[in-house]
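A.B. asks: Please find model.txt (compact mmCIF, C-alpha atoms and all ligand atoms) on the next line:
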# COMPACT_ATOMS: atom_id res chain seq x y z
CA MET A 1 -70.45 40.80 28.76
CA ASN A 2 -70.18 38.68 25.62
CA SER A 3 -67.32 39.76 23.39
CA ALA A 4 -68.09 37.43 20.43
CA PRO A 5 -68.62 39.45 17.23
CA LEU A 6 -72.11 40.75 16.46
CA ILE A 7 -73.12 39.99 12.85
CA LEU A 8 -76.02 41.59 11.00
CA GLY A 9 -77.55 39.46 8.21
CA ILE A 10 -79.63 40.91 5.37
CA GLU A 11 -81.74 38.80 2.99
CA SER A 12 -83.49 40.24 -0.09
CA THR A 13 -83.25 37.70 -2.93
CA CYS A 14 -86.96 37.34 -3.65
CA ASP A 15 -90.12 38.36 -1.77
CA GLU A 16 -88.83 38.18 1.83
CA THR A 17 -86.99 41.03 3.54
CA GLY A 18 -85.03 39.26 6.28
CA ILE A 19 -82.93 40.86 9.02
CA ALA A 20 -81.12 38.78 11.64
CA LEU A 21 -78.53 39.35 14.36
CA VAL A 22 -76.04 36.70 15.42
CA ARG A 23 -73.59 36.87 18.35
CA GLY A 24 -70.68 34.52 17.63
CA THR A 25 -72.64 31.53 16.34
CA GLU A 26 -75.77 32.16 18.45
CA LEU A 27 -78.87 33.53 16.74
CA LEU A 28 -80.23 36.51 18.70
CA THR A 29 -83.15 37.46 16.47
CA ASP A 30 -84.59 36.87 13.03
CA VAL A 31 -87.20 39.24 11.56
CA THR A 32 -88.95 38.61 8.23
CA ALA A 33 -91.37 40.75 6.22
CA THR A 34 -92.89 39.16 3.13
CA SER A 35 -94.59 40.73 0.11
CA MET A 36 -96.19 37.40 -0.93
CA ASP A 37 -99.74 38.70 -0.40
CA GLN A 38 -99.07 41.35 -3.08
CA HIS A 39 -98.03 38.68 -5.63
CA VAL A 40 -100.72 36.07 -5.04
CA ARG A 41 -103.25 37.54 -7.48
CA PHE A 42 -100.63 37.43 -10.28
CA GLY A 43 -99.88 33.73 -9.67
CA GLY A 44 -96.13 34.43 -9.38
CA ILE A 45 -93.59 36.91 -8.02
CA ILE A 46 -93.63 40.32 -9.77
CA PRO A 47 -90.03 41.62 -9.47
CA GLU A 48 -90.92 45.35 -9.46
CA ILE A 49 -93.39 44.87 -6.63
CA ALA A 50 -90.88 42.78 -4.67
CA SER A 51 -88.14 45.46 -5.01
CA ARG A 52 -90.42 48.22 -3.80
CA ALA A 53 -91.58 46.11 -0.86
CA HIS A 54 -87.95 45.55 0.22
CA LEU A 55 -87.39 49.29 0.22
CA GLU A 56 -90.46 49.85 2.38
CA SER A 57 -89.77 46.98 4.81
CA PHE A 58 -86.03 47.34 5.28
CA MET A 59 -85.79 50.05 7.96
CA PRO A 60 -88.79 48.86 10.03
CA ALA A 61 -87.44 45.27 9.98
CA LEU A 62 -83.96 46.50 10.99
CA ASP A 63 -85.40 48.56 13.87
CA THR A 64 -87.47 45.60 15.10
CA ALA A 65 -84.47 43.26 14.96
CA LEU A 66 -82.20 45.64 16.91
CA ASP A 67 -84.96 46.16 19.43
CA GLN A 68 -85.62 42.45 19.90
CA ALA A 69 -81.90 41.67 20.27
CA GLY A 70 -81.41 44.57 22.70
CA VAL A 71 -78.45 45.98 20.75
CA THR A 72 -77.73 49.19 18.88
CA LEU A 73 -76.53 49.57 15.32
CA ASN A 74 -73.10 50.83 16.37
CA GLN A 75 -72.45 47.57 18.25
CA VAL A 76 -72.55 45.61 14.95
CA ASP A 77 -69.09 44.20 14.08
CA ALA A 78 -69.73 42.88 10.55
CA ILE A 79 -72.53 42.73 7.98
CA ALA A 80 -73.50 39.96 5.58
CA CYS A 81 -76.02 40.48 2.79
CA ALA A 82 -77.29 38.16 0.06
CA ALA A 83 -75.37 38.82 -3.19
CA GLY A 84 -77.25 36.18 -5.22
CA PRO A 85 -78.72 34.14 -6.74
CA GLY A 86 -82.04 35.96 -6.93
CA LEU A 87 -83.94 38.88 -8.45
CA VAL A 88 -81.60 41.73 -9.45
CA GLY A 89 -83.87 44.54 -8.22
CA SER A 90 -84.56 42.87 -4.88
CA LEU A 91 -80.89 42.06 -4.34
CA THR A 92 -79.93 45.64 -5.23
CA VAL A 93 -82.08 47.02 -2.42
CA GLY A 94 -80.45 44.74 0.17
CA ILE A 95 -76.90 45.21 -1.11
CA THR A 96 -77.20 49.00 -1.36
CA SER A 97 -78.63 49.24 2.14
CA ALA A 98 -75.90 46.94 3.46
CA LYS A 99 -73.17 49.03 1.80
CA GLY A 100 -74.59 52.21 3.30
CA LEU A 101 -74.64 50.69 6.77
CA ALA A 102 -71.20 49.09 6.46
CA THR A 103 -69.66 52.35 5.26
CA SER A 104 -71.25 54.49 7.95
CA LEU A 105 -70.36 52.01 10.72
CA GLY A 106 -66.89 51.29 9.32
CA VAL A 107 -67.39 47.51 9.48
CA PRO A 108 -66.60 44.73 6.95
CA LEU A 109 -69.28 43.60 4.49
CA TYR A 110 -69.66 40.10 3.03
CA GLY A 111 -71.85 39.49 -0.06
CA VAL A 112 -72.89 35.88 0.49
CA ASN A 113 -74.58 33.07 -1.43
CA HIS A 114 -78.23 32.74 -0.46
CA VAL A 115 -78.50 29.05 -1.47
CA ILE A 116 -75.59 27.98 0.73
CA GLY A 117 -77.28 29.94 3.53
CA HIS A 118 -80.23 27.51 3.33
CA LEU A 119 -77.83 24.84 4.66
CA ALA A 120 -75.71 26.96 7.02
CA ILE A 121 -78.79 27.97 9.03
CA ASP A 122 -79.13 24.43 10.41
CA MET A 123 -76.26 25.27 12.79
CA PHE A 124 -78.68 27.32 14.89
CA GLU A 125 -80.96 24.32 15.38
CA HIS A 126 -78.77 21.22 15.37
CA GLY A 127 -75.37 22.65 16.24
CA ARG A 128 -72.20 22.93 14.21
CA LEU A 129 -72.32 21.43 10.74
CA PRO A 130 -70.05 18.46 10.06
CA ASP A 131 -66.95 19.18 8.00
CA ARG A 132 -68.19 17.07 5.07
CA PHE A 133 -71.83 16.66 4.15
CA ILE A 134 -74.30 16.59 1.26
CA GLY A 135 -76.64 19.56 0.96
CA LEU A 136 -80.02 19.22 -0.74
CA VAL A 137 -81.56 22.63 -1.41
CA ALA A 138 -85.11 22.52 -2.76
CA SER A 139 -87.36 25.57 -3.13
CA GLY A 140 -89.43 27.44 -5.69
CA GLY A 141 -86.23 28.54 -7.42
CA HIS A 142 -83.72 25.76 -6.66
CA SER A 143 -83.22 22.01 -6.61
CA ASN A 144 -79.55 21.32 -6.05
CA LEU A 145 -77.20 18.75 -4.60
CA LEU A 146 -74.02 20.19 -3.10
CA LEU A 147 -70.92 18.61 -1.59
CA ILE A 148 -69.75 20.71 1.35
CA GLU A 149 -66.24 20.36 2.75
CA ASN A 150 -66.26 23.02 5.48
CA ILE A 151 -69.05 25.41 4.65
CA ALA A 152 -66.92 28.55 5.04
CA ARG A 153 -64.29 27.22 2.61
CA SER A 154 -65.38 24.73 -0.04
CA VAL A 155 -68.69 24.00 -1.75
CA THR A 156 -68.98 21.92 -4.95
CA GLU A 157 -72.16 21.76 -6.99
CA LEU A 158 -72.78 18.08 -7.78
CA GLY A 159 -75.94 18.70 -9.76
CA GLY A 160 -79.27 20.42 -10.03
CA THR A 161 -82.44 20.68 -12.02
CA LEU A 162 -82.08 21.04 -15.78
CA ASP A 163 -85.47 22.80 -15.98
CA ASP A 164 -88.05 23.42 -13.23
CA ALA A 165 -87.27 23.51 -9.50
CA ALA A 166 -89.23 21.09 -7.29
CA GLY A 167 -91.41 23.82 -5.72
CA GLU A 168 -91.95 25.42 -9.12
CA ALA A 169 -93.15 22.07 -10.54
CA PHE A 170 -95.53 21.69 -7.58
CA ASP A 171 -96.84 25.23 -8.17
CA LYS A 172 -97.37 24.62 -11.92
CA VAL A 173 -99.07 21.23 -11.54
CA GLY A 174 -101.13 22.64 -8.66
CA ARG A 175 -102.39 25.30 -11.02
CA LEU A 176 -103.42 22.58 -13.53
CA LEU A 177 -105.42 21.02 -10.69
CA GLY A 178 -107.05 24.37 -9.88
CA LEU A 179 -105.19 25.03 -6.61
CA PRO A 180 -104.23 28.55 -5.45
CA TYR A 181 -100.66 29.90 -5.71
CA PRO A 182 -98.28 28.94 -4.16
CA ALA A 183 -99.73 25.46 -4.64
CA GLY A 184 -96.93 23.38 -3.06
CA PRO A 185 -98.47 22.99 0.42
CA HIS A 186 -101.97 22.34 -1.04
CA MET A 187 -100.54 19.70 -3.38
CA ASP A 188 -98.73 18.08 -0.46
CA ARG A 189 -101.99 17.75 1.49
CA LEU A 190 -103.95 16.60 -1.58
CA ALA A 191 -101.35 13.92 -2.35
CA ALA A 192 -101.40 12.68 1.26
CA SER A 193 -105.21 12.38 1.09
CA ALA A 194 -105.20 9.91 -1.84
CA GLU A 195 -106.99 6.68 -0.96
CA ASN A 196 -104.78 4.73 -3.32
CA PRO A 197 -101.53 6.72 -3.69
CA ALA A 198 -99.99 4.05 -5.97
CA ALA A 199 -102.92 3.97 -8.44
CA LEU A 200 -100.92 5.93 -11.04
CA ARG A 201 -97.25 6.14 -11.92
CA PHE A 202 -95.61 9.04 -13.75
CA PRO A 203 -92.06 8.85 -15.22
CA ARG A 204 -88.93 9.84 -13.25
CA GLY A 205 -86.85 12.42 -15.17
CA LEU A 206 -83.22 11.28 -15.77
CA GLY A 207 -83.90 8.14 -13.75
CA ALA A 208 -83.24 5.40 -16.29
CA GLY A 209 -80.92 4.23 -19.09
CA LYS A 210 -77.95 6.36 -20.10
CA ASP A 211 -79.39 9.46 -18.42
CA LYS A 212 -79.20 7.75 -15.04
CA ASP A 213 -75.38 7.69 -15.18
CA ARG A 214 -74.75 10.81 -17.22
CA TYR A 215 -76.97 12.95 -14.96
CA ARG A 216 -76.18 11.14 -11.70
CA TYR A 217 -77.01 14.10 -9.49
CA ASP A 218 -79.28 16.11 -11.78
CA PHE A 219 -83.06 16.43 -11.89
CA SER A 220 -85.58 17.16 -14.64
CA PHE A 221 -89.21 17.84 -13.79
CA SER A 222 -90.65 19.47 -16.92
CA GLY A 223 -91.39 16.14 -18.71
CA LEU A 224 -93.32 15.05 -15.63
CA LYS A 225 -95.40 18.23 -15.76
CA THR A 226 -96.24 17.46 -19.41
CA ALA A 227 -97.17 13.87 -18.50
CA VAL A 228 -99.57 15.11 -15.81
CA SER A 229 -101.10 17.63 -18.19
CA ARG A 230 -101.63 14.93 -20.85
CA HIS A 231 -103.15 12.58 -18.28
CA LEU A 232 -105.63 15.26 -17.19
CA THR A 233 -106.62 16.03 -20.79
CA GLN A 234 -107.17 12.35 -21.56
CA ASN A 235 -108.93 11.64 -18.25
CA PRO A 236 -111.12 14.64 -17.40
CA ASP A 237 -112.62 12.69 -14.48
CA ALA A 238 -109.24 11.73 -13.03
CA ASP A 239 -109.06 11.54 -9.23
CA HIS A 240 -107.04 14.67 -8.40
CA ALA A 241 -105.67 13.24 -5.17
CA GLU A 242 -104.30 10.20 -7.01
CA VAL A 243 -102.75 12.44 -9.68
CA ALA A 244 -101.14 14.62 -6.99
CA ALA A 245 -99.83 11.54 -5.16
CA ALA A 246 -98.25 10.04 -8.31
CA PHE A 247 -96.75 13.40 -9.25
CA SER A 248 -95.38 13.96 -5.74
CA GLU A 249 -93.96 10.43 -5.69
CA SER A 250 -92.06 11.01 -8.93
CA ILE A 251 -90.40 14.21 -7.68
CA ASN A 252 -89.65 12.95 -4.19
CA ASP A 253 -88.38 9.60 -5.40
CA SER A 254 -85.82 11.45 -7.56
CA LEU A 255 -84.82 13.97 -4.88
CA SER A 256 -84.42 11.41 -2.08
CA ALA A 257 -82.76 8.68 -4.19
CA LYS A 258 -80.17 11.06 -5.65
CA ALA A 259 -79.43 12.76 -2.32
CA VAL A 260 -78.79 9.39 -0.65
CA ARG A 261 -76.77 8.19 -3.65
CA ALA A 262 -74.62 11.33 -3.41
CA ALA A 263 -74.02 10.75 0.31
CA VAL A 264 -72.96 7.13 -0.24
CA GLU A 265 -70.80 7.84 -3.29
CA GLN A 266 -69.13 10.91 -1.78
CA GLY A 267 -68.52 9.22 1.57
CA CYS A 268 -70.70 11.56 3.66
CA ASN A 269 -72.68 10.44 6.75
CA THR A 270 -74.94 13.49 6.78
CA ILE A 271 -77.47 15.11 4.44
CA VAL A 272 -78.66 18.62 5.32
CA VAL A 273 -81.89 19.74 3.62
CA GLY A 274 -82.89 23.38 3.13
CA GLY A 275 -85.35 25.57 1.20
CA GLY A 276 -89.15 25.92 1.34
CA PHE A 277 -89.71 22.53 -0.31
CA ALA A 278 -88.17 20.85 2.76
CA ALA A 279 -91.70 21.20 4.19
CA ASN A 280 -92.89 18.45 1.87
CA SER A 281 -94.12 15.53 3.95
CA ARG A 282 -93.33 12.82 1.39
CA LEU A 283 -89.78 14.11 0.88
CA ARG A 284 -89.19 13.92 4.63
CA GLN A 285 -90.58 10.38 4.81
CA LEU A 286 -88.68 8.99 1.83
CA LEU A 287 -85.40 10.64 2.78
CA ALA A 288 -85.62 9.41 6.37
CA GLU A 289 -86.33 5.82 5.25
CA ARG A 290 -83.70 5.66 2.54
CA ALA A 291 -80.95 7.47 4.45
CA ALA A 292 -81.50 5.28 7.55
CA LYS A 293 -80.96 2.16 5.42
CA LYS A 294 -77.53 3.50 4.45
CA GLY A 295 -76.63 4.75 7.93
CA VAL A 296 -76.84 8.39 6.83
CA GLU A 297 -78.18 11.08 9.18
CA VAL A 298 -80.68 13.62 7.79
CA ARG A 299 -80.74 17.13 9.28
CA ILE A 300 -83.68 19.39 8.39
CA PRO A 301 -84.03 22.78 10.08
CA PRO A 302 -87.51 23.69 11.42
CA MET A 303 -89.85 25.23 8.84
CA ARG A 304 -89.35 28.83 9.96
CA TYR A 305 -85.69 28.41 8.96
CA CYS A 306 -86.45 26.70 5.62
CA THR A 307 -88.19 29.64 3.96
CA ASP A 308 -86.05 32.67 3.08
CA ASN A 309 -84.81 34.66 6.09
CA GLY A 310 -81.98 36.86 7.37
CA ALA A 311 -80.57 34.18 9.70
CA GLN A 312 -79.38 32.06 6.76
CA ILE A 313 -77.31 35.03 5.56
CA ALA A 314 -76.05 35.94 9.04
CA ALA A 315 -75.05 32.26 9.53
CA ILE A 316 -72.62 32.42 6.62
CA GLY A 317 -71.41 35.85 7.74
CA ALA A 318 -70.67 34.48 11.22
CA LEU A 319 -68.74 31.50 9.81
CA LEU A 320 -66.73 33.74 7.46
CA VAL A 321 -65.82 36.10 10.31
CA GLU A 322 -64.84 33.11 12.45
CA ALA A 323 -62.68 31.75 9.58
CA GLY A 324 -60.95 35.14 9.23
CA ALA A 325 -62.15 35.60 5.61
CA SER A 326 -61.44 38.93 3.85
CA PRO A 327 -64.51 41.11 3.23
CA SER A 328 -66.08 41.43 -0.23
CA PRO A 329 -64.65 44.13 -2.52
CA ALA A 330 -66.42 47.52 -2.37
CA ASN A 331 -67.67 47.28 -5.96
CA PHE A 332 -69.61 44.00 -5.78
CA GLY A 333 -73.13 43.93 -7.13
CA PRO A 334 -76.08 41.54 -7.42
CA ASP A 335 -75.38 38.24 -9.18
CA SER A 336 -78.74 36.80 -10.24
CA SER A 337 -77.19 33.46 -11.24
CA MET A 338 -74.41 33.31 -8.61
CA ASP A 339 -72.41 30.10 -8.96
CA LEU A 340 -73.21 27.67 -6.16
CA SER A 341 -69.52 27.02 -5.51
CA GLU A 342 -69.06 30.72 -4.66
CA ILE A 343 -69.68 30.94 -0.91
CA TYR A 344 -69.33 34.72 -0.97
CA VAL A 345 -67.98 37.44 -3.28
CA SER A 346 -64.25 37.49 -2.49
O1 LIG A 401 -87.78 28.61 -0.21
P1 LIG A 401 -89.15 29.15 -0.52
O2 LIG A 401 -89.98 29.67 0.60
O3 LIG A 401 -89.08 30.29 -1.57
C1 LIG A 401 -88.25 30.23 -2.68
O4 LIG A 401 -88.66 29.59 -3.67
O5 LIG A 401 -87.13 30.80 -2.59
O6 LIG A 401 -89.94 27.97 -1.25
C2 LIG A 401 -91.24 28.15 -1.71
C3 LIG A 401 -91.60 26.99 -2.63
C4 LIG A 401 -92.90 27.23 -3.36
O7 LIG A 401 -92.75 26.78 -4.70
C5 LIG A 401 -93.90 26.37 -2.59
O8 LIG A 401 -95.00 25.95 -3.34
C6 LIG A 401 -93.02 25.21 -2.18
O9 LIG A 401 -91.75 25.78 -1.87
N1 LIG A 401 -93.54 24.50 -1.01
C7 LIG A 401 -93.92 23.20 -1.04
C8 LIG A 401 -94.38 22.89 0.26
N2 LIG A 401 -94.25 24.01 1.04
C9 LIG A 401 -93.72 24.97 0.24
N3 LIG A 401 -93.90 22.32 -2.05
C10 LIG A 401 -94.34 21.08 -1.77
N4 LIG A 401 -94.79 20.68 -0.55
C11 LIG A 401 -94.82 21.55 0.49
N5 LIG A 401 -95.27 21.15 1.67
ZN ZN A 402 -84.31 30.56 -0.80
As structure tokens - that is how I would like this structure written.
C.D. replies:
Amino acid sequence: MNSAPLILGIESTCDETGIALVRGTELLTDVTATSMDQHVRFGGIIPEIASRAHLESFMPALDTALDQAGVTLNQVDAIACAAGPGLVGSLTVGITSAKGLATSLGVPLYGVNHVIGHLAIDMFEHGRLPDRFIGLVASGGHSNLLLIENIARSVTELGGTLDDAAGEAFDKVGRLLGLPYPAGPHMDRLAASAENPAALRFPRGLGAGKDKDRYRYDFSFSGLKTAVSRHLTQNPDADHAEVAAAFSESINDSLSAKAVRAAVEQGCNTIVVGGGFAANSRLRQLLAERAAKKGVEVRIPPMRYCTDNGAQIAAIGALLVEAGASPSPANFGPDSSMDLSEIYVS
């Protein structure tokens, strides 16, 4: 009989309804339902559709998770749900459901930060996170560098994108090249297929001159998008694979160089990468090469843990319970632009 606390994690920031159960710091099950197929024809997430899909998926996903873990609802000791950042309607469904469950079960509820969850989840794959590390979170909605000094206690945002997120830029440029939404994975494959990947070079946002120092840990990808668009207008016969490769190189050069710079400057030996963009093959290559040169370890969870899921929320919940943190106040609500230094609503 294992007496470690049983934590239920609930994710509903965007188009994935995620439910996970964690015993102590061991992941028992992780169930995800996505509404992506309902958004594809619009070329982007439609918030109203996403909210409704959460409502429809929540109870079936919860039942499946309990079933798979072989536990009952009244064995749950604490609940964690995503409080932000994300879509207000989607978050509201998850938070309201979590409050109902927590009240009826009489257990504490933690409203946690979804972005920090993208890093915390690596504990299920590669073991406990080091006390100090650099987090790189890259997805369709985020591109951030974080300094973590004990993930249950202190997170500092070092920088982030001033405009588009990395995945968002891939999706937008993919559309220019006629690829289906979400275009990130298609762009990745197209870029890797270029016969001469170095044929073109696009600018690096905030990579030179005064910007390089002033925005040490920030990114900007919208100028790059404009440069690609101009190139395609001026060169209607451009080789799409070469364009994709040069575009991908610009983004991944910035992400990997700044993540490694942050690790060196902040005295961290580890970089943890999270978010759907962590799938990008060139990012993985460049980060591995550059970090190895500086003696920095790179931890990337497997892909099923990089896209949005309940386990990333349960991971933070488990660490907060372990740290003896007080639950969130009863009146907390969704925070669409939740500050990245706020680990949970306290
Ligand atoms: O984390 P995620 O599943 O959803 C959120 O944005 O929260 O990330 C999805 C994003 C999309 O923009 C998608 O195009 C991008 O990540 N993406 C990729 C790759 N796989 C997913 N971008 C570039 N290369 C990839 N291999
Ligand atoms: Zn996410």
A.B. asks: Please determine an axis-aligned box that encloses all atoms of segment 238-245 of chain A listed in the file, with 6 Å added on each side, and express its centre and edge lengths in Å to one decimal as AutoDock Vina command-line options.
C.D. replies:
--center_x -104.5 --center_y 12.4 --center_z -9.1 --size_x 21.4 --size_y 16.5 --size_z 19.9
A.B. asks: Atom CA of Met36 of chain A and atom CA of Ser143 of chain A are how many Å apart?
C.D. replies: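 Going from atom CA of Met36 of chain A over to atom CA of Ser143 of chain A covers 20.9 Å.
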A.B. asks: Of the candidates A:Gly70, A:Gly141, A:Pro5, A:Gly84, which shows the shortest atom-to-atom distance to ligand LIG 401 (chain A), using all atoms listed in the file?
C.D. replies: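 Smallest separation from ligand LIG 401 (chain A) among the options: A:Gly141.
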A.B. asks: Compile the contact shell of Thr72 of chain A as a short mmCIF file (atom, residue, chain, number, x, y, z; two decimals) with C-alpha atoms, in the coordinates of the input: residues with an atom at most 10 Å away, counting all atoms listed in the file, same-chain residues fewer than 6 positions apart removed.
C.D. replies:
data_model
loop_
_atom_site.label_atom_id
_atom_site.label_comp_id
_atom_site.auth_asym_id
_atom_site.auth_seq_id
_atom_site.Cartn_x
_atom_site.Cartn_y
_atom_site.Cartn_z
CA ASP A 63 -85.40 48.56 13.87
CA ALA A 65 -84.47 43.26 14.96
CA LEU A 66 -82.20 45.64 16.91
#
A.B. asks: Name all residues at most 8 Å from Arg201 of chain A (count only C-alpha atoms; drop same-chain ones fewer than 6 positions away) and give them as a list of chain:residue names.
C.D. replies: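 After dropping sequence-adjacent residues, the list is A:Ala246, A:Phe247, A:Ser250.
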A.B. asks: For those residues, write C-alpha atoms to a file as a tab-separated table (two decimals), in the frame of the given file.
C.D. replies:
chain	number	residue	atom	x	y	z
A	246	ALA	CA	-98.25	10.04	-8.31
A	247	PHE	CA	-96.75	13.40	-9.25
A	250	SER	CA	-92.06	11.01	-8.93
A.B. asks: So, with all atoms listed in the file as the atoms that count, which of A:Pro185, A:Gly324, A:Gly117, A:Pro236 lies closest to ligand ZN 402 (chain A)?
C.D. replies: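 Nearest to ligand ZN 402 (chain A): A:Gly117.
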A.B. asks: Given all atoms listed in the file as the basis, pick out the residue of A:Ala314, A:Ile121, A:Cys14, A:Ala244 nearest to ligand ZN 402 (chain A).
C.D. replies: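 Answer, going by the shortest atom-to-atom distance: A:Cys14.
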A.B. asks: At a cut-off of 10 Å from (-84.5, 47.0, 12.4) in the coordinates of the file, what residues are picked up using only C-alpha atoms, written as JSON, numbers by chain?
C.D. replies: {"A": [18, 19, 20, 21, 31, 57, 58, 59, 60, 61, 62, 63, 64, 65, 66, 67, 68, 69, 72, 73]}
A.B. asks: Within 8 Å of Leu340 of chain A, counting all atoms listed in the file, which residues qualify if same-chain residues fewer than 6 places away don't, as a ChimeraX atom specification?
C.D. replies: /A:113,115-116,155-157
A.B. asks: Tell me, in Å to one decimal, how far atom CA of Ser229 of chain A is from atom CA of Gly44 of chain A.
C.D. replies: 19.6 Å
A.B. asks: Show me which residues line ligand LIG 401 (chain A), defined as having an atom within 9 Å of a ligand atom where all atoms listed in the file count, and present them as a PDB file with C-alpha atoms, in the frame of the given file.
C.D. replies:
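Wrote it out as out23.pdb, contents follow:
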ATOM      1  CA  THR A  13     -83.250  37.700  -2.930  1.00  0.00           C
ATOM      2  CA  CYS A  14     -86.960  37.340  -3.650  1.00  0.00           C
ATOM      3  CA  ASP A  15     -90.120  38.360  -1.770  1.00  0.00           C
ATOM      4  CA  GLU A  16     -88.830  38.180   1.830  1.00  0.00           C
ATOM      5  CA  GLY A  86     -82.040  35.960  -6.930  1.00  0.00           C
ATOM      6  CA  VAL A 115     -78.500  29.050  -1.470  1.00  0.00           C
ATOM      7  CA  HIS A 118     -80.230  27.510   3.330  1.00  0.00           C
ATOM      8  CA  VAL A 137     -81.560  22.630  -1.410  1.00  0.00           C
ATOM      9  CA  ALA A 138     -85.110  22.520  -2.760  1.00  0.00           C
ATOM     10  CA  SER A 139     -87.360  25.570  -3.130  1.00  0.00           C
ATOM     11  CA  GLY A 140     -89.430  27.440  -5.690  1.00  0.00           C
ATOM     12  CA  GLY A 141     -86.230  28.540  -7.420  1.00  0.00           C
ATOM     13  CA  HIS A 142     -83.720  25.760  -6.660  1.00  0.00           C
ATOM     14  CA  ALA A 165     -87.270  23.510  -9.500  1.00  0.00           C
ATOM     15  CA  ALA A 166     -89.230  21.090  -7.290  1.00  0.00           C
ATOM     16  CA  GLY A 167     -91.410  23.820  -5.720  1.00  0.00           C
ATOM     17  CA  GLU A 168     -91.950  25.420  -9.120  1.00  0.00           C
ATOM     18  CA  ALA A 169     -93.150  22.070 -10.540  1.00  0.00           C
ATOM     19  CA  PHE A 170     -95.530  21.690  -7.580  1.00  0.00           C
ATOM     20  CA  ASP A 171     -96.840  25.230  -8.170  1.00  0.00           C
ATOM     21  CA  LYS A 172     -97.370  24.620 -11.920  1.00  0.00           C
ATOM     22  CA  GLY A 174    -101.130  22.640  -8.660  1.00  0.00           C
ATOM     23  CA  TYR A 181    -100.660  29.900  -5.710  1.00  0.00           C
ATOM     24  CA  PRO A 182     -98.280  28.940  -4.160  1.00  0.00           C
ATOM     25  CA  ALA A 183     -99.730  25.460  -4.640  1.00  0.00           C
ATOM     26  CA  GLY A 184     -96.930  23.380  -3.060  1.00  0.00           C
ATOM     27  CA  PRO A 185     -98.470  22.990   0.420  1.00  0.00           C
ATOM     28  CA  HIS A 186    -101.970  22.340  -1.040  1.00  0.00           C
ATOM     29  CA  MET A 187    -100.540  19.700  -3.380  1.00  0.00           C
ATOM     30  CA  ASP A 188     -98.730  18.080  -0.460  1.00  0.00           C
ATOM     31  CA  ARG A 189    -101.990  17.750   1.490  1.00  0.00           C
ATOM     32  CA  SER A 248     -95.380  13.960  -5.740  1.00  0.00           C
ATOM     33  CA  GLY A 274     -82.890  23.380   3.130  1.00  0.00           C
ATOM     34  CA  GLY A 275     -85.350  25.570   1.200  1.00  0.00           C
ATOM     35  CA  GLY A 276     -89.150  25.920   1.340  1.00  0.00           C
ATOM     36  CA  PHE A 277     -89.710  22.530  -0.310  1.00  0.00           C
ATOM     37  CA  ALA A 278     -88.170  20.850   2.760  1.00  0.00           C
ATOM     38  CA  ALA A 279     -91.700  21.200   4.190  1.00  0.00           C
ATOM     39  CA  ASN A 280     -92.890  18.450   1.870  1.00  0.00           C
ATOM     40  CA  SER A 281     -94.120  15.530   3.950  1.00  0.00           C
ATOM     41  CA  ARG A 282     -93.330  12.820   1.390  1.00  0.00           C
ATOM     42  CA  LEU A 283     -89.780  14.110   0.880  1.00  0.00           C
ATOM     43  CA  CYS A 306     -86.450  26.700   5.620  1.00  0.00           C
ATOM     44  CA  THR A 307     -88.190  29.640   3.960  1.00  0.00           C
ATOM     45  CA  ASP A 308     -86.050  32.670   3.080  1.00  0.00           C
TER      46      ASP A 308
END
A.B. asks: With distances taken over all atoms listed in the file, which of A:His39, A:His240, A:His54, A:Arg304 is nearest to Ala194 of chain A?
C.D. replies: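 Ranked by minimum distance to Ala194 of chain A, first place goes to A:His240.
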A.B. asks: Tell me, in Å to one decimal, how far atom CA of Ser254 of chain A is from atom CA of Asn309 of chain A.
C.D. replies: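 So the answer is 26.9 Å.
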A.B. asks: Compute the distance from (-72.6, 38.8, 2.9) to each atom, counting only C-alpha atoms, keep the residues with any atom at most 7 Å away, and return them as a list in words; use the coordinates of the file.
C.D. replies: Ile79, Ala80, Cys81, Ala82, Ala83, Leu109, Tyr110, Gly111, Val112, Ile313, Gly317 and Tyr344 of chain A
